[in-house]
file protein.pdb (PDB, C-alpha atoms)
MODEL        1
ATOM      1  CA  GLU R1068      75.923 -29.730 230.519  1.00  0.00           C
ATOM      2  CA  LYS R1069      75.094 -26.016 230.199  1.00  0.00           C
ATOM      3  CA  CYS R1070      77.782 -25.212 232.764  1.00  0.00           C
ATOM      4  CA  ALA R1071      80.352 -27.338 230.925  1.00  0.00           C
ATOM      5  CA  GLN R1072      79.513 -25.609 227.633  1.00  0.00           C
ATOM      6  CA  GLU R1073      79.871 -22.200 229.272  1.00  0.00           C
ATOM      7  CA  VAL R1074      83.195 -23.228 230.870  1.00  0.00           C
ATOM      8  CA  ASP R1075      84.497 -24.459 227.499  1.00  0.00           C
ATOM      9  CA  ALA R1076      83.530 -21.177 225.809  1.00  0.00           C
ATOM     10  CA  ILE R1077      85.116 -18.963 228.480  1.00  0.00           C
ATOM     11  CA  MET R1078      88.227 -21.070 229.031  1.00  0.00           C
ATOM     12  CA  THR R1079      89.109 -21.302 225.338  1.00  0.00           C
ATOM     13  CA  VAL R1080      91.604 -18.680 224.184  1.00  0.00           C
ATOM     14  CA  ASN R1081      92.483 -18.487 220.480  1.00  0.00           C
ATOM     15  CA  GLY R1082      91.111 -21.997 219.979  1.00  0.00           C
ATOM     16  CA  VAL R1083      93.167 -23.490 222.825  1.00  0.00           C
ATOM     17  CA  GLN R1084      91.530 -24.832 225.990  1.00  0.00           C
ATOM     18  CA  THR R1085      93.160 -23.264 229.067  1.00  0.00           C
ATOM     19  CA  SER R1086      93.292 -24.842 232.510  1.00  0.00           C
ATOM     20  CA  ALA R1087      93.130 -21.652 234.569  1.00  0.00           C
ATOM     21  CA  VAL R1088      90.528 -19.049 235.361  1.00  0.00           C
ATOM     22  CA  VAL R1089      91.549 -15.409 235.584  1.00  0.00           C
ATOM     23  CA  TYR R1090      89.826 -12.934 237.908  1.00  0.00           C
ATOM     24  CA  ASP R1091      88.179 -11.002 235.056  1.00  0.00           C
ATOM     25  CA  ASP R1092      86.540 -14.204 233.780  1.00  0.00           C
ATOM     26  CA  ILE R1093      84.637 -14.957 237.008  1.00  0.00           C
ATOM     27  CA  PRO R1094      81.584 -12.738 236.282  1.00  0.00           C
ATOM     28  CA  LYS R1095      81.352 -14.266 232.791  1.00  0.00           C
ATOM     29  CA  PHE R1096      80.297 -17.631 234.273  1.00  0.00           C
ATOM     30  CA  SER R1097      76.638 -16.557 234.472  1.00  0.00           C
ATOM     31  CA  VAL R1098      75.140 -20.057 234.161  1.00  0.00           C
ATOM     32  CA  LEU R1099      77.591 -21.459 236.700  1.00  0.00           C
ATOM     33  CA  ILE R1100      76.772 -18.617 239.127  1.00  0.00           C
ATOM     34  CA  GLN R1101      73.030 -19.243 238.676  1.00  0.00           C
ATOM     35  CA  VAL R1102      73.543 -22.941 239.448  1.00  0.00           C
ATOM     36  CA  LEU R1103      75.599 -22.054 242.532  1.00  0.00           C
ATOM     37  CA  LYS R1104      72.954 -19.621 243.819  1.00  0.00           C
ATOM     38  CA  GLU R1105      70.127 -22.091 243.235  1.00  0.00           C
ATOM     39  CA  THR R1106      72.116 -24.832 244.968  1.00  0.00           C
ATOM     40  CA  LEU R1107      72.670 -22.530 247.959  1.00  0.00           C
ATOM     41  CA  ARG R1108      68.955 -21.702 247.980  1.00  0.00           C
ATOM     42  CA  LEU R1109      67.880 -25.332 248.105  1.00  0.00           C
ATOM     43  CA  HIS R1110      70.768 -26.532 250.280  1.00  0.00           C
ATOM     44  CA  PRO R1111      72.044 -23.635 252.390  1.00  0.00           C
ATOM     45  CA  PRO R1112      75.277 -24.505 254.212  1.00  0.00           C
ATOM     46  CA  VAL R1113      73.822 -23.253 257.503  1.00  0.00           C
ATOM     47  CA  PRO R1114      70.127 -24.189 257.721  1.00  0.00           C
ATOM     48  CA  GLU R1115      69.305 -21.958 260.699  1.00  0.00           C
ATOM     49  CA  ILE R1116      70.503 -18.599 261.999  1.00  0.00           C
ATOM     50  CA  VAL R1117      69.958 -17.484 265.598  1.00  0.00           C
ATOM     51  CA  ARG R1118      70.019 -13.822 266.591  1.00  0.00           C
ATOM     52  CA  LYS R1119      69.413 -12.016 269.867  1.00  0.00           C
ATOM     53  CA  CYS R1120      66.740  -9.329 269.764  1.00  0.00           C
ATOM     54  CA  THR R1121      68.346  -5.996 270.790  1.00  0.00           C
ATOM     55  CA  ALA R1122      65.090  -4.059 271.131  1.00  0.00           C
ATOM     56  CA  PRO R1123      61.452  -5.019 271.607  1.00  0.00           C
ATOM     57  CA  CYS R1124      59.756  -5.546 268.261  1.00  0.00           C
ATOM     58  CA  ARG R1125      56.879  -7.230 266.513  1.00  0.00           C
ATOM     59  CA  LEU R1126      57.441 -10.109 264.080  1.00  0.00           C
ATOM     60  CA  GLY R1127      54.181 -10.839 262.300  1.00  0.00           C
ATOM     61  CA  GLU R1128      51.666 -11.510 265.065  1.00  0.00           C
ATOM     62  CA  PHE R1129      54.320 -12.008 267.755  1.00  0.00           C
ATOM     63  CA  ASN R1130      55.738  -9.496 270.217  1.00  0.00           C
ATOM     64  CA  VAL R1131      59.423 -10.201 270.778  1.00  0.00           C
ATOM     65  CA  LYS R1132      61.073  -8.989 273.988  1.00  0.00           C
ATOM     66  CA  LYS R1133      64.534  -7.474 274.091  1.00  0.00           C
ATOM     67  CA  GLY R1134      67.107 -10.201 274.813  1.00  0.00           C
ATOM     68  CA  SER R1135      65.016 -12.994 273.245  1.00  0.00           C
ATOM     69  CA  ASN R1136      66.697 -15.411 270.871  1.00  0.00           C
ATOM     70  CA  VAL R1137      65.110 -15.515 267.430  1.00  0.00           C
ATOM     71  CA  ALA R1138      65.767 -18.492 265.164  1.00  0.00           C
ATOM     72  CA  ILE R1139      65.490 -18.033 261.410  1.00  0.00           C
ATOM     73  CA  SER R1140      65.122 -21.188 259.344  1.00  0.00           C
ATOM     74  CA  VAL R1141      67.051 -20.407 256.172  1.00  0.00           C
ATOM     75  CA  LEU R1142      66.017 -23.803 254.827  1.00  0.00           C
ATOM     76  CA  ALA R1143      62.294 -23.022 255.271  1.00  0.00           C
ATOM     77  CA  LEU R1144      62.664 -19.420 254.038  1.00  0.00           C
ATOM     78  CA  HIS R1145      64.419 -20.543 250.847  1.00  0.00           C
ATOM     79  CA  ARG R1146      61.592 -22.987 250.077  1.00  0.00           C
ATOM     80  CA  HIS R1147      58.609 -20.907 251.180  1.00  0.00           C
ATOM     81  CA  PRO R1148      55.929 -20.854 248.449  1.00  0.00           C
ATOM     82  CA  ASP R1149      54.995 -17.231 249.225  1.00  0.00           C
ATOM     83  CA  TYR R1150      58.483 -16.143 248.149  1.00  0.00           C
ATOM     84  CA  TRP R1151      59.595 -18.676 245.543  1.00  0.00           C
ATOM     85  CA  TYR R1152      58.067 -19.926 242.299  1.00  0.00           C
ATOM     86  CA  LEU R1153      58.293 -23.746 242.253  1.00  0.00           C
ATOM     87  CA  PRO R1154      60.049 -23.612 245.655  1.00  0.00           C
ATOM     88  CA  ASN R1155      61.247 -27.224 245.794  1.00  0.00           C
ATOM     89  CA  GLN R1156      62.424 -27.481 242.194  1.00  0.00           C
ATOM     90  CA  PHE R1157      65.953 -26.848 240.951  1.00  0.00           C
ATOM     91  CA  PHE R1158      65.457 -23.865 238.661  1.00  0.00           C
ATOM     92  CA  PRO R1159      68.731 -21.892 238.296  1.00  0.00           C
ATOM     93  CA  GLU R1160      67.199 -19.550 235.720  1.00  0.00           C
ATOM     94  CA  ARG R1161      65.401 -17.759 238.569  1.00  0.00           C
ATOM     95  CA  PHE R1162      68.775 -16.055 239.225  1.00  0.00           C
ATOM     96  CA  SER R1163      69.355 -14.966 235.605  1.00  0.00           C
ATOM     97  CA  GLN R1164      69.597 -11.238 234.849  1.00  0.00           C
ATOM     98  CA  GLU R1165      66.180 -11.427 233.180  1.00  0.00           C
ATOM     99  CA  ASN R1166      64.456 -13.085 236.157  1.00  0.00           C
ATOM    100  CA  VAL R1167      66.298 -12.001 239.305  1.00  0.00           C
ATOM    101  CA  LEU R1168      64.311  -8.793 239.859  1.00  0.00           C
ATOM    102  CA  ALA R1169      61.039 -10.715 239.671  1.00  0.00           C
ATOM    103  CA  THR R1170      62.504 -13.483 241.852  1.00  0.00           C
ATOM    104  CA  ILE R1171      64.031 -11.510 244.724  1.00  0.00           C
ATOM    105  CA  LYS R1172      61.336  -9.257 246.147  1.00  0.00           C
ATOM    106  CA  HIS R1173      62.948  -8.619 249.557  1.00  0.00           C
ATOM    107  CA  PRO R1174      66.619  -8.218 250.561  1.00  0.00           C
ATOM    108  CA  PHE R1175      66.296 -10.959 253.205  1.00  0.00           C
ATOM    109  CA  GLN R1176      64.453 -13.475 251.009  1.00  0.00           C
ATOM    110  CA  TYR R1177      67.714 -15.146 249.958  1.00  0.00           C
ATOM    111  CA  ILE R1178      70.269 -15.408 252.775  1.00  0.00           C
ATOM    112  CA  PRO R1179      72.553 -18.443 252.342  1.00  0.00           C
ATOM    113  CA  PHE R1180      75.331 -16.495 254.110  1.00  0.00           C
ATOM    114  CA  GLY R1181      73.142 -14.640 256.589  1.00  0.00           C
ATOM    115  CA  GLY R1182      72.110 -11.059 256.100  1.00  0.00           C
ATOM    116  CA  GLY R1183      72.469  -7.540 257.345  1.00  0.00           C
ATOM    117  CA  THR R1184      75.422  -6.407 259.426  1.00  0.00           C
ATOM    118  CA  ARG R1185      76.202  -9.932 260.610  1.00  0.00           C
ATOM    119  CA  ASN R1186      76.362 -11.703 257.256  1.00  0.00           C
ATOM    120  CA  CYS R1187      79.380 -13.837 256.415  1.00  0.00           C
ATOM    121  CA  ILE R1188      82.422 -11.667 255.690  1.00  0.00           C
ATOM    122  CA  GLY R1189      83.810 -14.403 253.436  1.00  0.00           C
ATOM    123  CA  GLN R1190      80.691 -14.585 251.240  1.00  0.00           C
ATOM    124  CA  ARG R1191      82.162 -12.905 248.153  1.00  0.00           C
ATOM    125  CA  PHE R1192      85.469 -14.746 248.388  1.00  0.00           C
ATOM    126  CA  GLY R1193      83.719 -18.078 249.011  1.00  0.00           C
ATOM    127  CA  GLN R1194      81.455 -17.682 246.003  1.00  0.00           C
ATOM    128  CA  MET R1195      84.352 -16.660 243.752  1.00  0.00           C
ATOM    129  CA  ALA R1196      86.409 -19.628 244.967  1.00  0.00           C
ATOM    130  CA  VAL R1197      83.566 -22.066 244.276  1.00  0.00           C
ATOM    131  CA  VAL R1198      83.050 -20.648 240.759  1.00  0.00           C
ATOM    132  CA  VAL R1199      86.772 -21.013 239.978  1.00  0.00           C
ATOM    133  CA  ILE R1200      86.944 -24.550 241.413  1.00  0.00           C
ATOM    134  CA  MET R1201      83.766 -25.629 239.596  1.00  0.00           C
ATOM    135  CA  ALA R1202      85.014 -24.148 236.314  1.00  0.00           C
ATOM    136  CA  VAL R1203      88.360 -25.943 236.528  1.00  0.00           C
ATOM    137  CA  LEU R1204      86.706 -29.242 237.501  1.00  0.00           C
ATOM    138  CA  LEU R1205      84.080 -28.972 234.750  1.00  0.00           C
ATOM    139  CA  SER R1206      86.804 -28.259 232.199  1.00  0.00           C
ATOM    140  CA  LYS R1207      88.464 -31.592 232.989  1.00  0.00           C
ATOM    141  CA  PHE R1208      85.742 -33.935 234.289  1.00  0.00           C
ATOM    142  CA  HIS R1209      82.189 -35.034 233.567  1.00  0.00           C
ATOM    143  CA  PHE R1210      79.891 -35.506 236.579  1.00  0.00           C
ATOM    144  CA  SER R1211      76.694 -37.538 236.595  1.00  0.00           C
ATOM    145  CA  LEU R1212      74.214 -39.056 238.998  1.00  0.00           C
ATOM    146  CA  PRO R1213      73.352 -42.760 238.857  1.00  0.00           C
ATOM    147  CA  SER R1214      69.635 -41.976 238.384  1.00  0.00           C
ATOM    148  CA  PRO R1215      69.194 -38.247 237.717  1.00  0.00           C
ATOM    149  CA  GLU R1216      65.453 -38.569 237.065  1.00  0.00           C
ATOM    150  CA  THR R1217      64.808 -40.062 240.524  1.00  0.00           C
ATOM    151  CA  PHE R1218      67.567 -38.253 242.426  1.00  0.00           C
ATOM    152  CA  GLU R1219      66.606 -36.883 245.827  1.00  0.00           C
ATOM    153  CA  LEU R1220      69.313 -35.352 248.007  1.00  0.00           C
ATOM    154  CA  SER R1221      69.055 -36.154 251.689  1.00  0.00           C
ATOM    155  CA  ALA R1222      71.071 -34.316 254.294  1.00  0.00           C
ATOM    156  CA  GLU R1223      71.912 -34.613 257.945  1.00  0.00           C
ATOM    157  CA  GLU R1224      71.548 -31.440 259.939  1.00  0.00           C
ATOM    158  CA  ARG R1225      74.280 -30.629 262.437  1.00  0.00           C
ATOM    159  CA  LEU R1226      75.896 -27.214 262.607  1.00  0.00           C
ATOM    160  CA  CYS R1227      75.830 -27.328 258.803  1.00  0.00           C
ATOM    161  CA  LEU R1228      73.930 -29.520 256.357  1.00  0.00           C
ATOM    162  CA  TYR R1229      75.876 -32.623 255.307  1.00  0.00           C
ATOM    163  CA  PRO R1230      74.704 -34.658 252.306  1.00  0.00           C
ATOM    164  CA  THR R1231      74.134 -38.319 253.116  1.00  0.00           C
ATOM    165  CA  ASP R1232      74.452 -41.187 250.679  1.00  0.00           C
ATOM    166  CA  LEU R1233      75.474 -38.936 247.777  1.00  0.00           C
ATOM    167  CA  LYS R1234      76.911 -40.915 244.875  1.00  0.00           C
ATOM    168  CA  VAL R1235      78.347 -39.114 241.861  1.00  0.00           C
ATOM    169  CA  ALA R1236      80.064 -40.710 238.858  1.00  0.00           C
ATOM    170  CA  ILE R1237      83.154 -38.776 237.720  1.00  0.00           C
ATOM    171  CA  SER R1238      84.944 -39.382 234.426  1.00  0.00           C
ATOM    172  CA  LEU R1239      87.627 -37.589 232.448  1.00  0.00           C
ATOM    173  CA  ARG R1240      86.326 -35.459 229.611  1.00  0.00           C
ATOM    174  CA  THR R1241      87.728 -36.219 226.198  1.00  0.00           C
ATOM    175  CA  LYS R1242      88.136 -33.777 223.339  1.00  0.00           C
ATOM    176  CA  GLU R1243      85.057 -35.344 221.736  1.00  0.00           C
ATOM    177  CA  GLY R1244      83.137 -34.966 225.030  1.00  0.00           C
ATOM    178  CA  ARG R1245      83.796 -31.239 225.279  1.00  0.00           C
TER     179      ARG R1245
ENDMDL
END
call {"tool": "encode", "arguments": {"input": "protein.pdb", "output": "structure tokens"}}
result
Amino acid sequence: EKCAQEVDAIMTVNGVQTSAVVYDDIPKFSVLIQVLKETLRLHPPVPEIVRKCTAPCRLGEFNVKKGSNVAISVLALHRHPDYWYLPNQFFPERFSQENVLATIKHPFQYIPFGGGTRNCIGQRFGQMAVVVIMAVLLSKFHFSLPSPETFELSAEERLCLYPTDLKVAISLRTKEGR
């Protein structure tokens, strides 16, 4: 509902609801961006990243030899209680301007698109595209879960995470429902 209210406010020009998002509007969707980031934290598209160690190093208590494969569980990292307050709860406000500095304490704490020199080159474009698509959809439709209070998302892990048994009710928004 907060996202829909934000979309309505941004996509209304001189009292008329528009059906398009312009480039300059994208950063204005702060609530929508927070929801996207929190969704990617809890449900990263790629749950595990594998890298080859290019030099001997120490990771915690482990010595890693050059040439070893190192697997990073993005899913576990994004829900680790040492790094996240209420790690398994959907709390988009953790990515607000007021909270983000207290939330992100390390540059590799939040890596839904990988990190460092080998992060996804389409990350910025992908996030902008999702914000635009979500804004347009939220301006026209209402989305709800059958039982939001008992909703638990389950996913199948292949190369990416795929939601299983996800049911969402979609209805047209009316002028009164805006």
call {"tool": "resolve_selection", "arguments": {"input": "protein.pdb", "expression": "the PyMOL selection byres ((chain R and resi 1092-1096) around 12)", "output": "number ranges by chain"}}
result
R: 1069-1080, 1087-1091, 1097-1103, 1163, 1191-1192, 1194-1203, 1205
call {"tool": "resolve_selection", "arguments": {"input": "protein.pdb", "expression": "the PyMOL selection byres ((chain R and resi 1220) around 10)", "output": "list in words"}}
result
His1110, Thr1217, Phe1218, Glu1219, Ser1221, Ala1222, Pro1230, Thr1231, Asp1232, Leu1233 and Lys1234 of chain R
call {"tool": "write_last_selection", "arguments": {"input": "protein.pdb", "atoms": "C-alpha atoms", "output": "mmCIF file, keeping the file's coordinate frame"}}
result
data_model
loop_
_atom_site.group_PDB
_atom_site.id
_atom_site.type_symbol
_atom_site.label_atom_id
_atom_site.label_comp_id
_atom_site.auth_asym_id
_atom_site.auth_seq_id
_atom_site.Cartn_x
_atom_site.Cartn_y
_atom_site.Cartn_z
ATOM 1 C CA HIS R 1110 70.768 -26.532 250.280
ATOM 2 C CA THR R 1217 64.808 -40.062 240.524
ATOM 3 C CA PHE R 1218 67.567 -38.253 242.426
ATOM 4 C CA GLU R 1219 66.606 -36.883 245.827
ATOM 5 C CA SER R 1221 69.055 -36.154 251.689
ATOM 6 C CA ALA R 1222 71.071 -34.316 254.294
ATOM 7 C CA PRO R 1230 74.704 -34.658 252.306
ATOM 8 C CA THR R 1231 74.134 -38.319 253.116
ATOM 9 C CA ASP R 1232 74.452 -41.187 250.679
ATOM 10 C CA LEU R 1233 75.474 -38.936 247.777
ATOM 11 C CA LYS R 1234 76.911 -40.915 244.875
#
call {"tool": "axis_aligned_box", "arguments": {"input": "protein.pdb", "around": "region 1164-1183 of chain R", "padding_each_side": "4 Å", "output": "AutoDock Vina command-line options"}}
result
--center_x 68.2 --center_y -13.0 --center_z 245.3 --size_x 22.3 --size_y 18.9 --size_z 32.2
call {"tool": "resolve_selection", "arguments": {"input": "protein.pdb", "expression": "the PyMOL selection byres ((chain R and resi 1179) around 8)", "output": "list in words"}}
result
Leu1107, Arg1108, Pro1111, Pro1112, Val1113, Val1141, Tyr1177, Ile1178, Phe1180 and Gly1181 of chain R
call {"tool": "write_last_selection", "arguments": {"input": "protein.pdb", "atoms": "C-alpha atoms", "output": "PDB file, in the frame of the given file"}}
result
ATOM      1  CA  LEU R1107      72.670 -22.530 247.959  1.00  0.00           C
ATOM      2  CA  ARG R1108      68.955 -21.702 247.980  1.00  0.00           C
ATOM      3  CA  PRO R1111      72.044 -23.635 252.390  1.00  0.00           C
ATOM      4  CA  PRO R1112      75.277 -24.505 254.212  1.00  0.00           C
ATOM      5  CA  VAL R1113      73.822 -23.253 257.503  1.00  0.00           C
ATOM      6  CA  VAL R1141      67.051 -20.407 256.172  1.00  0.00           C
ATOM      7  CA  TYR R1177      67.714 -15.146 249.958  1.00  0.00           C
ATOM      8  CA  ILE R1178      70.269 -15.408 252.775  1.00  0.00           C
ATOM      9  CA  PHE R1180      75.331 -16.495 254.110  1.00  0.00           C
ATOM     10  CA  GLY R1181      73.142 -14.640 256.589  1.00  0.00           C
TER      11      GLY R1181
END
call {"tool": "residues_around", "arguments": {"input": "protein.pdb", "residues": "region 1147-1157 of chain R", "least_positions_apart": "5", "cutoff": "9 Å", "atoms": "all atoms listed in the file", "output": "list in words"}}
result
Val1102, Glu1105, Thr1106, Leu1109, Leu1142, Thr1170, Ile1171, Lys1172, His1173 and Gln1176 of chain R
call {"tool": "atom_distance", "arguments": {"input": "protein.pdb", "atom1": "CA of Gln1164 (chain R)", "atom2": "CA of Gly1182 (chain R)"}}
result
21.4 Å
call {"tool": "atom_distance", "arguments": {"input": "protein.pdb", "atom1": "CA of Ile1116 (chain R)", "atom2": "CA of Lys1132 (chain R)"}}
result
18.0 Å
call {"tool": "atom_distance", "arguments": {"input": "protein.pdb", "atom1": "CA of Leu1226 (chain R)", "atom2": "CA of Glu1128 (chain R)"}}
result
29.0 Å
call {"tool": "closest_residue", "arguments": {"input": "protein.pdb", "among": "R:Gly1193, R:Ile1188, R:Arg1146, R:Leu1239", "to": "Phe1210 (chain R)", "atoms": "only C-alpha atoms"}}
result
R:Leu1239
call {"tool": "residues_near_point", "arguments": {"input": "protein.pdb", "point": "(69.7, -11.2, 265.3)", "cutoff": "9 Å", "atoms": "only C-alpha atoms", "output": "list in words"}}
result
Ile1116, Val1117, Arg1118, Lys1119, Cys1120, Thr1121, Asn1136, Val1137, Ala1138, Ile1139 and Arg1185 of chain R
call {"tool": "write_last_selection", "arguments": {"input": "protein.pdb", "atoms": "C-alpha atoms", "output": "CSV table (one decimal), in the frame of the given file"}}
result
chain,number,residue,atom,x,y,z
R,1116,ILE,CA,70.5,-18.6,262.0
R,1117,VAL,CA,70.0,-17.5,265.6
R,1118,ARG,CA,70.0,-13.8,266.6
R,1119,LYS,CA,69.4,-12.0,269.9
R,1120,CYS,CA,66.7,-9.3,269.8
R,1121,THR,CA,68.3,-6.0,270.8
R,1136,ASN,CA,66.7,-15.4,270.9
R,1137,VAL,CA,65.1,-15.5,267.4
R,1138,ALA,CA,65.8,-18.5,265.2
R,1139,ILE,CA,65.5,-18.0,261.4
R,1185,ARG,CA,76.2,-9.9,260.6
call {"tool": "closest_residue", "arguments": {"input": "protein.pdb", "among": "R:Glu1068, R:Glu1224, R:Glu1165, R:Glu1160", "to": "Pro1114 (chain R)", "atoms": "all atoms listed in the file"}}
result
R:Glu1224
call {"tool": "closest_residue", "arguments": {"input": "protein.pdb", "among": "R:Gly1189, R:Gly1134, R:Leu1212, R:Lys1207", "to": "Thr1085 (chain R)", "atoms": "all atoms listed in the file"}}
result
R:Lys1207
